[in-house]
>>> print(open('final05.cif').read())   # mmCIF, C-alpha atoms and all ligand atoms
data_work
loop_
_atom_site.label_atom_id
_atom_site.label_comp_id
_atom_site.auth_asym_id
_atom_site.auth_seq_id
_atom_site.Cartn_x
_atom_site.Cartn_y
_atom_site.Cartn_z
CA MET A 1 95.32 131.65 86.13
CA LYS A 2 92.36 129.36 85.51
CA LEU A 3 93.03 125.62 85.54
CA LEU A 4 90.74 122.92 84.18
CA VAL A 5 90.92 119.57 85.97
CA THR A 6 88.97 116.68 84.45
CA GLY A 7 87.81 113.83 86.70
CA GLY A 8 88.23 116.04 89.75
CA ALA A 9 85.51 114.17 91.64
CA GLY A 10 87.66 111.03 91.55
CA PHE A 11 90.53 109.95 93.76
CA ILE A 12 93.64 111.64 92.31
CA GLY A 13 91.68 114.56 90.80
CA SER A 14 90.04 115.57 94.10
CA ASN A 15 93.33 115.36 96.00
CA PHE A 16 95.01 117.38 93.25
CA ILE A 17 92.36 120.13 93.26
CA ARG A 18 92.65 120.53 97.03
CA HIS A 19 96.44 120.61 96.72
CA TRP A 20 96.39 123.22 93.95
CA LEU A 21 93.85 125.50 95.62
CA SER A 22 95.81 125.54 98.87
CA GLY A 23 99.18 126.20 97.19
CA HIS A 24 98.03 128.73 94.58
CA PRO A 25 95.80 131.29 96.28
CA GLN A 26 95.46 133.45 93.15
CA ASP A 27 94.27 130.65 90.87
CA GLN A 28 90.85 129.36 89.93
CA VAL A 29 90.04 125.71 89.31
CA ARG A 30 87.23 124.33 87.19
CA ASN A 31 86.41 120.66 87.69
CA LEU A 32 84.73 118.84 84.77
CA ASP A 33 83.39 115.47 85.89
CA ARG A 34 80.65 113.18 84.64
CA LEU A 35 80.10 111.74 88.14
CA THR A 36 80.22 108.11 87.12
CA TYR A 37 79.95 105.51 89.90
CA ALA A 38 83.56 106.48 90.77
CA GLY A 39 82.96 110.24 90.98
CA ASN A 40 81.83 111.81 94.23
CA ARG A 41 81.33 115.50 94.91
CA ALA A 42 81.60 114.78 98.63
CA SER A 43 85.34 114.32 98.08
CA LEU A 44 85.59 118.10 97.66
CA SER A 45 82.88 119.21 100.08
CA ASP A 46 85.48 121.36 101.87
CA VAL A 47 86.13 123.47 98.76
CA GLU A 48 82.59 123.58 97.32
CA GLY A 49 81.23 127.08 97.59
CA ARG A 50 84.62 128.80 97.35
CA ASP A 51 84.81 131.53 94.72
CA ARG A 52 87.92 130.02 93.23
CA TYR A 53 86.36 126.60 92.63
CA GLN A 54 83.73 125.70 90.07
CA PHE A 55 82.16 122.29 89.42
CA LEU A 56 80.90 121.51 85.94
CA HIS A 57 78.91 118.30 85.58
CA GLY A 58 79.57 116.79 82.16
CA ASP A 59 81.17 114.25 79.91
CA ILE A 60 84.62 114.67 78.34
CA CYS A 61 83.27 112.96 75.19
CA ASP A 62 80.68 115.70 74.64
CA ALA A 63 82.03 118.45 72.37
CA PRO A 64 79.88 121.42 73.57
CA THR A 65 80.52 120.50 77.23
CA VAL A 66 84.27 120.29 76.68
CA ALA A 67 84.28 123.60 74.79
CA GLN A 68 82.41 125.23 77.69
CA ALA A 69 84.78 123.67 80.24
CA MET A 70 87.87 124.86 78.39
CA GLU A 71 86.64 128.47 78.07
CA GLY A 72 89.13 130.83 79.73
CA CYS A 73 91.41 128.03 80.99
CA GLU A 74 95.14 128.36 80.40
CA MET A 75 96.12 124.95 81.68
CA VAL A 76 94.59 121.47 81.88
CA VAL A 77 95.24 118.46 84.09
CA HIS A 78 93.40 115.51 82.58
CA CYS A 79 92.55 112.84 85.17
CA ALA A 80 89.08 111.72 83.98
CA ALA A 81 89.06 108.07 83.01
CA GLU A 82 87.49 104.70 83.53
CA THR A 83 90.09 103.22 85.86
CA HIS A 84 89.14 99.82 87.25
CA VAL A 85 91.04 97.02 85.47
CA ASP A 86 88.47 94.38 86.43
CA ARG A 87 85.61 96.37 84.96
CA SER A 88 87.62 96.80 81.76
CA ILE A 89 87.75 93.03 81.42
CA THR A 90 83.96 92.73 81.41
CA ASP A 91 83.12 96.04 79.65
CA PRO A 92 86.00 97.36 77.53
CA ALA A 93 83.72 99.64 75.47
CA ALA A 94 83.27 102.18 78.28
CA PHE A 95 87.07 102.37 78.55
CA LEU A 96 87.61 102.98 74.86
CA ARG A 97 84.96 105.68 74.87
CA THR A 98 86.10 107.72 77.86
CA ASN A 99 89.82 107.03 77.83
CA MET A 100 90.45 107.34 74.10
CA GLU A 101 87.54 109.24 72.56
CA GLY A 102 87.23 111.57 75.57
CA THR A 103 90.98 112.27 75.63
CA GLY A 104 90.87 112.99 71.89
CA ARG A 105 88.01 115.43 72.41
CA LEU A 106 89.86 117.27 75.19
CA LEU A 107 93.07 117.50 73.18
CA ALA A 108 91.22 118.92 70.17
CA GLU A 109 89.49 121.57 72.31
CA ALA A 110 92.73 122.40 74.13
CA ARG A 111 94.28 123.10 70.73
CA ARG A 112 91.35 125.25 69.66
CA HIS A 113 91.61 127.26 72.89
CA GLY A 114 95.42 127.57 72.73
CA VAL A 115 96.04 126.19 76.25
CA ARG A 116 99.54 126.79 77.61
CA ARG A 117 100.01 123.37 79.28
CA PHE A 118 98.10 120.09 79.06
CA VAL A 119 99.16 117.46 81.59
CA HIS A 120 97.82 114.10 80.53
CA VAL A 121 97.65 111.62 83.42
CA SER A 122 98.61 108.25 81.97
CA THR A 123 99.80 105.21 83.96
CA ASP A 124 102.77 102.86 84.36
CA GLU A 125 100.44 100.07 83.22
CA VAL A 126 100.91 101.21 79.60
CA TYR A 127 104.34 99.48 79.58
CA GLY A 128 102.88 96.09 80.44
CA PRO A 129 104.62 93.70 82.84
CA ALA A 130 108.25 94.45 83.77
CA PRO A 131 110.67 91.49 83.77
CA GLU A 132 112.64 90.94 86.97
CA GLY A 133 115.43 93.53 87.33
CA VAL A 134 113.96 95.88 84.69
CA ALA A 135 112.56 99.36 85.35
CA PHE A 136 110.99 100.87 82.25
CA ARG A 137 112.29 104.15 80.84
CA GLU A 138 109.97 106.63 79.15
CA GLU A 139 111.23 105.62 75.66
CA ASP A 140 110.40 101.94 76.14
CA PRO A 141 107.66 100.46 73.96
CA LEU A 142 104.09 100.27 75.25
CA THR A 143 102.83 96.69 75.49
CA PRO A 144 99.71 96.96 77.67
CA THR A 145 97.92 93.81 78.82
CA SER A 146 94.41 94.71 80.06
CA PRO A 147 91.76 96.62 78.11
CA TYR A 148 92.18 99.40 80.73
CA ALA A 149 95.92 99.65 80.08
CA ALA A 150 95.40 99.41 76.30
CA SER A 151 92.88 102.27 76.37
CA LYS A 152 95.30 104.33 78.47
CA ALA A 153 98.15 103.52 76.04
CA GLY A 154 95.93 104.76 73.19
CA ALA A 155 95.20 107.97 75.07
CA ASP A 156 98.89 108.41 75.95
CA LEU A 157 99.92 108.07 72.27
CA LEU A 158 97.14 110.42 71.18
CA ALA A 159 98.41 113.02 73.63
CA GLN A 160 101.96 112.64 72.25
CA ALA A 161 100.61 112.89 68.69
CA HIS A 162 99.03 116.25 69.54
CA PHE A 163 102.41 117.56 70.56
CA ARG A 164 104.20 116.19 67.50
CA THR A 165 101.55 117.07 64.94
CA TYR A 166 100.11 120.33 66.25
CA GLY A 167 102.67 121.53 68.78
CA LEU A 168 100.10 121.36 71.61
CA PRO A 169 102.20 121.70 74.80
CA VAL A 170 101.31 118.28 76.18
CA ILE A 171 103.17 116.66 79.09
CA VAL A 172 102.51 112.99 79.83
CA ALA A 173 102.73 111.74 83.43
CA ARG A 174 102.89 107.98 84.03
CA PRO A 175 102.29 107.39 87.75
CA THR A 176 102.47 104.03 89.47
CA ASN A 177 99.75 102.64 91.78
CA ASN A 178 98.43 105.34 94.08
CA PHE A 179 96.78 105.11 97.48
CA GLY A 180 95.55 107.49 100.15
CA PRO A 181 92.40 109.37 101.22
CA PHE A 182 89.29 109.49 99.01
CA GLN A 183 90.11 106.38 96.95
CA PHE A 184 86.99 104.53 95.84
CA PRO A 185 86.52 101.39 97.96
CA GLU A 186 86.67 98.91 95.07
CA LYS A 187 90.43 99.46 94.67
CA LEU A 188 92.84 97.14 96.47
CA ILE A 189 93.92 99.18 99.49
CA PRO A 190 90.62 100.87 100.46
CA LEU A 191 88.74 97.63 99.72
CA PHE A 192 90.99 95.67 102.07
CA ILE A 193 90.99 98.35 104.77
CA THR A 194 87.20 98.65 104.82
CA ASN A 195 86.70 94.86 104.61
CA ALA A 196 89.15 94.27 107.45
CA MET A 197 87.43 96.93 109.57
CA ALA A 198 84.22 94.89 109.19
CA ASP A 199 86.01 91.52 109.72
CA GLU A 200 85.14 90.54 106.16
CA PRO A 201 87.51 88.46 103.97
CA LEU A 202 90.31 90.13 102.00
CA PRO A 203 90.19 88.47 98.55
CA VAL A 204 93.80 88.10 97.38
CA TYR A 205 94.25 87.20 93.71
CA GLY A 206 96.16 83.98 93.02
CA ASP A 207 99.40 83.68 94.99
CA GLY A 208 99.31 87.39 95.89
CA LEU A 209 102.89 87.84 94.66
CA GLN A 210 102.06 90.43 91.97
CA ARG A 211 104.41 93.35 92.64
CA ARG A 212 103.71 97.03 92.16
CA ASN A 213 105.31 100.31 93.04
CA TRP A 214 103.09 102.23 95.49
CA LEU A 215 102.89 105.99 95.73
CA PHE A 216 101.05 108.12 98.29
CA VAL A 217 98.59 110.35 96.45
CA GLU A 218 100.02 113.58 97.91
CA ASP A 219 103.33 112.79 96.22
CA THR A 220 101.54 112.31 92.90
CA CYS A 221 99.81 115.68 93.37
CA ARG A 222 103.19 117.36 93.89
CA ALA A 223 104.51 115.64 90.75
CA LEU A 224 101.56 116.84 88.64
CA GLU A 225 102.00 120.35 90.02
CA LEU A 226 105.71 120.31 89.12
CA LEU A 227 105.04 118.99 85.62
CA LEU A 228 102.41 121.65 85.02
CA GLN A 229 104.91 124.34 86.00
CA HIS A 230 108.25 122.93 84.82
CA GLY A 231 107.63 119.88 82.63
CA GLU A 232 109.02 120.08 79.15
CA PRO A 233 106.32 120.27 76.45
CA GLY A 234 106.26 116.94 74.64
CA GLY A 235 107.96 115.31 77.67
CA ILE A 236 106.95 112.00 79.21
CA TYR A 237 107.61 111.44 82.91
CA ASN A 238 107.40 108.27 84.99
CA VAL A 239 106.24 109.02 88.52
CA GLY A 240 106.96 106.36 91.13
CA SER A 241 108.63 105.48 94.40
CA ASP A 242 111.10 102.83 95.57
CA SER A 243 108.48 100.95 97.53
CA GLU A 244 107.87 97.86 95.46
CA CYS A 245 105.60 95.48 97.34
CA SER A 246 103.56 92.43 96.58
CA ASN A 247 99.81 92.35 97.10
CA ARG A 248 100.51 90.00 100.01
CA ASP A 249 102.82 92.61 101.60
CA ILE A 250 100.04 95.18 101.24
CA THR A 251 97.52 92.81 102.82
CA GLN A 252 99.85 92.13 105.75
CA ALA A 253 100.50 95.86 106.28
CA ILE A 254 96.75 96.53 106.45
CA LEU A 255 96.10 93.66 108.87
CA ARG A 256 98.99 94.87 111.05
CA ALA A 257 97.77 98.48 111.06
CA LEU A 258 94.27 97.36 112.10
CA GLY A 259 95.36 94.58 114.46
CA LYS A 260 93.30 92.03 112.51
CA PRO A 261 94.03 88.27 112.09
CA GLN A 262 95.65 86.50 109.11
CA SER A 263 92.53 84.34 108.88
CA LEU A 264 90.80 87.21 107.02
CA ILE A 265 93.02 86.52 103.98
CA GLN A 266 91.13 84.60 101.32
CA SER A 267 92.87 83.36 98.17
CA VAL A 268 90.74 83.70 95.04
CA ALA A 269 91.38 82.67 91.42
CA ASP A 270 93.71 85.06 89.62
CA ARG A 271 92.55 87.86 87.30
CA PRO A 272 92.85 86.92 83.60
CA GLY A 273 96.05 88.41 82.13
CA HIS A 274 97.18 89.68 85.55
CA ASP A 275 100.56 91.43 85.16
CA ARG A 276 103.10 90.06 87.67
CA ARG A 277 105.20 93.17 88.07
CA TYR A 278 105.28 96.86 87.19
CA ALA A 279 108.41 98.97 87.58
CA VAL A 280 109.50 102.34 86.22
CA ASP A 281 112.68 104.38 86.22
CA CYS A 282 111.95 107.88 87.56
CA ARG A 283 115.26 109.65 86.97
CA ARG A 284 113.70 112.11 84.52
CA ILE A 285 111.22 113.62 86.99
CA GLN A 286 113.81 113.37 89.78
CA ALA A 287 116.06 115.59 87.66
CA LEU A 288 113.32 118.25 87.88
CA GLY A 289 113.58 118.10 91.67
CA TRP A 290 110.75 115.73 92.55
CA GLU A 291 110.93 112.76 94.86
CA PRO A 292 108.31 111.09 97.02
CA LYS A 293 108.14 112.63 100.49
CA VAL A 294 105.90 110.15 102.27
CA ALA A 295 107.42 106.70 102.82
CA PHE A 296 105.17 103.70 102.34
CA ASP A 297 105.51 102.71 106.02
CA ASP A 298 104.17 106.13 107.06
CA ALA A 299 101.58 106.44 104.30
CA MET A 300 99.86 103.13 105.01
CA PRO A 301 98.95 103.86 108.67
CA LEU A 302 97.94 107.40 107.63
CA THR A 303 95.60 105.93 105.04
CA VAL A 304 94.18 103.36 107.43
CA ARG A 305 93.49 106.10 109.98
CA TRP A 306 91.80 108.22 107.30
CA TYR A 307 89.36 105.40 106.46
CA GLN A 308 88.72 104.81 110.16
CA ALA A 309 87.87 108.49 110.64
CA ASN A 310 85.85 108.94 107.45
CA ARG A 311 83.26 106.19 107.39
CA PRO A 312 80.48 108.64 106.31
CA TRP A 313 82.46 109.20 103.08
CA TRP A 314 83.03 105.56 102.11
CA GLN A 315 80.16 103.60 103.69
CA PRO A 316 77.50 104.81 101.20
CA LEU A 317 79.86 103.96 98.32
CA LYS A 318 80.46 100.52 99.72
CA ASP A 319 76.72 99.97 100.26
CA ARG A 320 76.13 100.88 96.63
CA LEU A 321 78.84 98.47 95.52
CA ARG A 322 77.11 95.71 97.45
CA GLU A 323 74.04 96.19 95.27
CA ASP A 324 76.15 96.37 92.12
CA SER A 325 76.33 93.27 89.93
CA TYR A 326 80.10 93.72 89.90
CA HIS A 327 80.27 93.29 93.59
CA TRP A 328 83.11 91.10 94.75
CA LEU A 329 81.41 89.90 97.90
CA HIS A 330 79.17 87.64 95.84
CA ARG A 331 81.76 86.64 93.29
CA SER A 332 81.59 82.97 94.28
CA ALA A 333 77.98 82.89 93.06
CA GLY A 334 78.69 84.42 89.63
CA PRO A 335 79.88 83.12 86.25
CA PRO A 336 83.68 83.31 85.69
CA MET A 337 83.92 86.77 84.10
CA VAL A 338 81.52 88.34 86.57
CA GLN A 339 83.61 86.82 89.30
CA ALA A 340 86.74 88.31 87.78
CA ALA A 341 85.07 91.70 87.60
CA GLY A 342 84.43 91.73 91.29
CA ARG A 343 87.97 91.61 92.45
CA PRO A 344 90.24 94.39 93.46
CA GLN A 345 92.72 96.12 91.21
CA GLY A 346 96.33 95.51 92.16
N1 LIG A 401 94.69 105.51 91.06
C1 LIG A 401 95.81 105.04 90.58
O1 LIG A 401 96.47 104.18 91.23
C2 LIG A 401 96.36 105.51 89.27
C3 LIG A 401 97.68 105.16 88.92
C4 LIG A 401 98.19 105.63 87.70
C5 LIG A 401 97.40 106.40 86.87
N2 LIG A 401 96.11 106.70 87.22
C6 LIG A 401 95.33 107.54 86.32
O2 LIG A 401 95.00 108.70 87.05
C7 LIG A 401 93.74 109.21 86.63
C8 LIG A 401 92.84 109.37 87.83
O3 LIG A 401 92.69 108.08 88.44
P1 LIG A 401 91.77 107.91 89.73
O4 LIG A 401 92.28 106.74 90.47
O5 LIG A 401 91.62 109.21 90.43
O6 LIG A 401 90.38 107.53 89.05
P2 LIG A 401 88.91 107.48 89.68
O7 LIG A 401 88.25 106.30 89.04
O8 LIG A 401 88.95 107.60 91.15
O9 LIG A 401 88.24 108.82 89.12
C9 LIG A 401 87.91 109.00 87.78
C10 LIG A 401 87.02 110.23 87.68
O10 LIG A 401 86.74 110.46 86.28
C11 LIG A 401 85.36 110.75 86.15
N3 LIG A 401 84.94 110.36 84.79
C12 LIG A 401 84.89 109.10 84.28
N4 LIG A 401 84.44 109.13 83.01
C13 LIG A 401 84.22 110.44 82.71
C14 LIG A 401 83.77 111.13 81.55
N5 LIG A 401 83.44 110.45 80.43
N6 LIG A 401 83.68 112.47 81.58
C15 LIG A 401 84.01 113.16 82.71
N7 LIG A 401 84.42 112.58 83.83
C16 LIG A 401 84.54 111.22 83.84
C17 LIG A 401 84.67 109.92 87.22
O11 LIG A 401 83.38 110.42 87.53
C18 LIG A 401 85.67 110.06 88.37
O12 LIG A 401 85.38 111.20 89.15
C19 LIG A 401 93.22 108.21 85.59
O13 LIG A 401 93.50 108.72 84.32
C20 LIG A 401 94.01 106.96 85.86
O14 LIG A 401 94.14 106.18 84.68
C21 LIG A 401 95.58 106.27 88.40
#
>>> encode(input="final05.cif", output="structure tokens")
Amino acid sequence: MKLLVTGGAGFIGSNFIRHWLSGHPQDQVRNLDRLTYAGNRASLSDVEGRDRYQFLHGDICDAPTVAQAMEGCEMVVHCAAETHVDRSITDPAAFLRTNMEGTGRLLAEARRHGVRRFVHVSTDEVYGPAPEGVAFREEDPLTPTSPYAASKAGADLLAQAHFRTYGLPVIVARPTNNFGPFQFPEKLIPLFITNAMADEPLPVYGDGLQRRNWLFVEDTCRALELLLQHGEPGGIYNVGSDSECSNRDITQAILRALGKPQSLIQSVADRPGHDRRYAVDCRRIQALGWEPKVAFDDAMPLTVRWYQANRPWWQPLKDRLREDSYHWLHRSAGPPMVQAAGRPQG
């Protein structure tokens, strides 16, 4: 079987490709990635050169590229996206283009090629903020807050429309916040780990009490694998864990794991429209036999150790971020929206 993964040079995509190649020794994987600032071929340096892996550099919005990528592929896992909420606040257009137009292009080509399964990787952020005591079910309405979440909600609905209108066997996965190896160091956890390692401040938004459900990336990879094999066409599946923590809890866990002082915590003005809480009900995917295997308290030290051992992977990315106008280190010198853009996603 030949599988197309989009955005496979990113965080979840690269972990998923490694996971699939090791568990499916007969299969071939083609990775279509535009290599934006968030894409990095070094994340798959261990599989580059294998017969069963092929990298295709290109844009999911470009029709001939997508047609070429889809050629001979029976299944698709669509991870490619613009993913940083803060960047979506300053530049929504890039999010509409890749997340909506690009998803539409892929779905159309998947239909033309008669793919057997199309797993669309959406997000729990499409539901918007969850009131206290509520965990969203898959049927709940989508009320996204940020331009990122709105563009993902558009893509999610487009994917569903392709099942309803054309019978394309689409499966929608809505994972919660992920963390683990190979996550780009502008996102909350790798940003705080690498800052703390350098004794630099950890910029916590507002009161730091925004709560999210955190999932180790390996568990997400197993969920995507299961959905590809056993998800019901047209089905929507929340993918999350029980570990709901605040951004402050995350910050404390990182400081503890690295033995660094509380004085590194720096409160910064909150992100505009920052959702206070996300929560999803995962009984549907649990009924297929999935549950997270790596507890948060084990996954966090594992992740910290990975960043300690893999500085050559993240240091060049961090150096590039420092030169980037988005860069959070200099947020105090920028106008309000540029400042907002420099802060970590939570
Ligand atoms: N990381 C999370 O916590 C999380 C949680 C829920 C859902 N998701 C979703 O999972 C998917 C993967 O997220 P991630 O964290 O790995 O993202 P990422 O930002 O690490 O990687 C995105 C990848 O997509 C590629 N890409 C961007 N635009 C492209 C285009 N036009 N054409 C081709 N490739 C393009 C980038 O080069 C990059 O390799 C996304 O759809 C995201 O919305 C992520």
>>> residues_near_ligand(input="final05.cif", ligand="ligand LIG 401 (chain A)", cutoff="6 Å", atoms="all atoms listed in the file", output="VMD selection string")
chain A and resid 7 to 13 33 to 36 38 to 39 58 to 61 79 to 83 98 121 to 123 175 to 178 184
>>> atom_distance(input="final05.cif", atom1="CA of Gly49 (chain A)", atom2="CA of Met75 (chain A)")
21.9 Å
>>> closest_residue(input="final05.cif", among="A:Thr303, A:Gln210, A:Ser14, A:Gln262", to="Ala130 (chain A)", atoms="all atoms listed in the file")
A:Gln210
>>> residues_around(input="final05.cif", residues="Arg283 (chain A)", least_positions_apart="2", cutoff="10 Å", atoms="only C-alpha atoms", output="number ranges by chain")
A: 137-138, 237-240, 280-281, 285-291
>>> residues_around(input="final05.cif", residues="Ser267 (chain A)", least_positions_apart="6", cutoff="8 Å", atoms="all atoms listed in the file", output="number ranges by chain")
A: 203-208
>>> closest_residue(input="final05.cif", among="A:Gln28, A:Asn15, A:Asn40, A:Thr165", to="Arg52 (chain A)", atoms="all atoms listed in the file")
A:Gln28
>>> residues_around(input="final05.cif", residues="Glu232 (chain A)", least_positions_apart="6", cutoff="9 Å", atoms="only C-alpha atoms", output="mmCIF file with C-alpha atoms, in the frame of the given file")
data_model
loop_
_atom_site.group_PDB
_atom_site.id
_atom_site.type_symbol
_atom_site.label_atom_id
_atom_site.label_comp_id
_atom_site.auth_asym_id
_atom_site.auth_seq_id
_atom_site.Cartn_x
_atom_site.Cartn_y
_atom_site.Cartn_z
ATOM 1 C CA PRO A 169 102.200 121.700 74.800
ATOM 2 C CA VAL A 170 101.310 118.280 76.180
ATOM 3 C CA ILE A 171 103.170 116.660 79.090
#
>>> atom_distance(input="final05.cif", atom1="CA of Arg277 (chain A)", atom2="CA of Ala93 (chain A)")
25.7 Å
>>> closest_residue(input="final05.cif", among="A:Glu218, A:Asp86, A:Glu74, A:Glu244", to="Leu188 (chain A)", atoms="all atoms listed in the file")
A:Asp86
>>> atom_distance(input="final05.cif", atom1="CA of Pro272 (chain A)", atom2="CA of Arg322 (chain A)")
22.7 Å
>>> closest_residue(input="final05.cif", among="A:Leu32, A:Leu228, A:Val5, A:Ala69", to="Arg116 (chain A)", atoms="all atoms listed in the file")
A:Leu228
>>> closest_residue(input="final05.cif", among="A:Leu209, A:Ala309, A:Val126, A:Leu302", to="Ser246 (chain A)", atoms="all atoms listed in the file")
A:Leu209
>>> residues_near_point(input="final05.cif", point="(98.3, 91.9, 77.8)", cutoff="12 Å", atoms="all atoms listed in the file", output="short mmCIF file (atom, residue, chain, number, x, y, z; two decimals) with C-alpha atoms, keeping the file's coordinate frame")
data_model
loop_
_atom_site.label_atom_id
_atom_site.label_comp_id
_atom_site.auth_asym_id
_atom_site.auth_seq_id
_atom_site.Cartn_x
_atom_site.Cartn_y
_atom_site.Cartn_z
CA VAL A 85 91.04 97.02 85.47
CA ILE A 89 87.75 93.03 81.42
CA GLU A 125 100.44 100.07 83.22
CA VAL A 126 100.91 101.21 79.60
CA TYR A 127 104.34 99.48 79.58
CA GLY A 128 102.88 96.09 80.44
CA PRO A 129 104.62 93.70 82.84
CA ALA A 130 108.25 94.45 83.77
CA LEU A 142 104.09 100.27 75.25
CA THR A 143 102.83 96.69 75.49
CA PRO A 144 99.71 96.96 77.67
CA THR A 145 97.92 93.81 78.82
CA SER A 146 94.41 94.71 80.06
CA PRO A 147 91.76 96.62 78.11
CA TYR A 148 92.18 99.40 80.73
CA ALA A 149 95.92 99.65 80.08
CA ALA A 150 95.40 99.41 76.30
CA SER A 151 92.88 102.27 76.37
CA ALA A 153 98.15 103.52 76.04
CA ARG A 271 92.55 87.86 87.30
CA PRO A 272 92.85 86.92 83.60
CA GLY A 273 96.05 88.41 82.13
CA HIS A 274 97.18 89.68 85.55
CA ASP A 275 100.56 91.43 85.16
CA ARG A 276 103.10 90.06 87.67
#
>>> closest_residue(input="final05.cif", among="A:Ser43, A:Ile17, A:Met1, A:Gly154", to="Pro312 (chain A)", atoms="only C-alpha atoms")
A:Ser43
>>> residues_around(input="final05.cif", residues="Leu224 (chain A)", least_positions_apart="2", cutoff="8 Å", atoms="only C-alpha atoms", output="count of residues only")
9
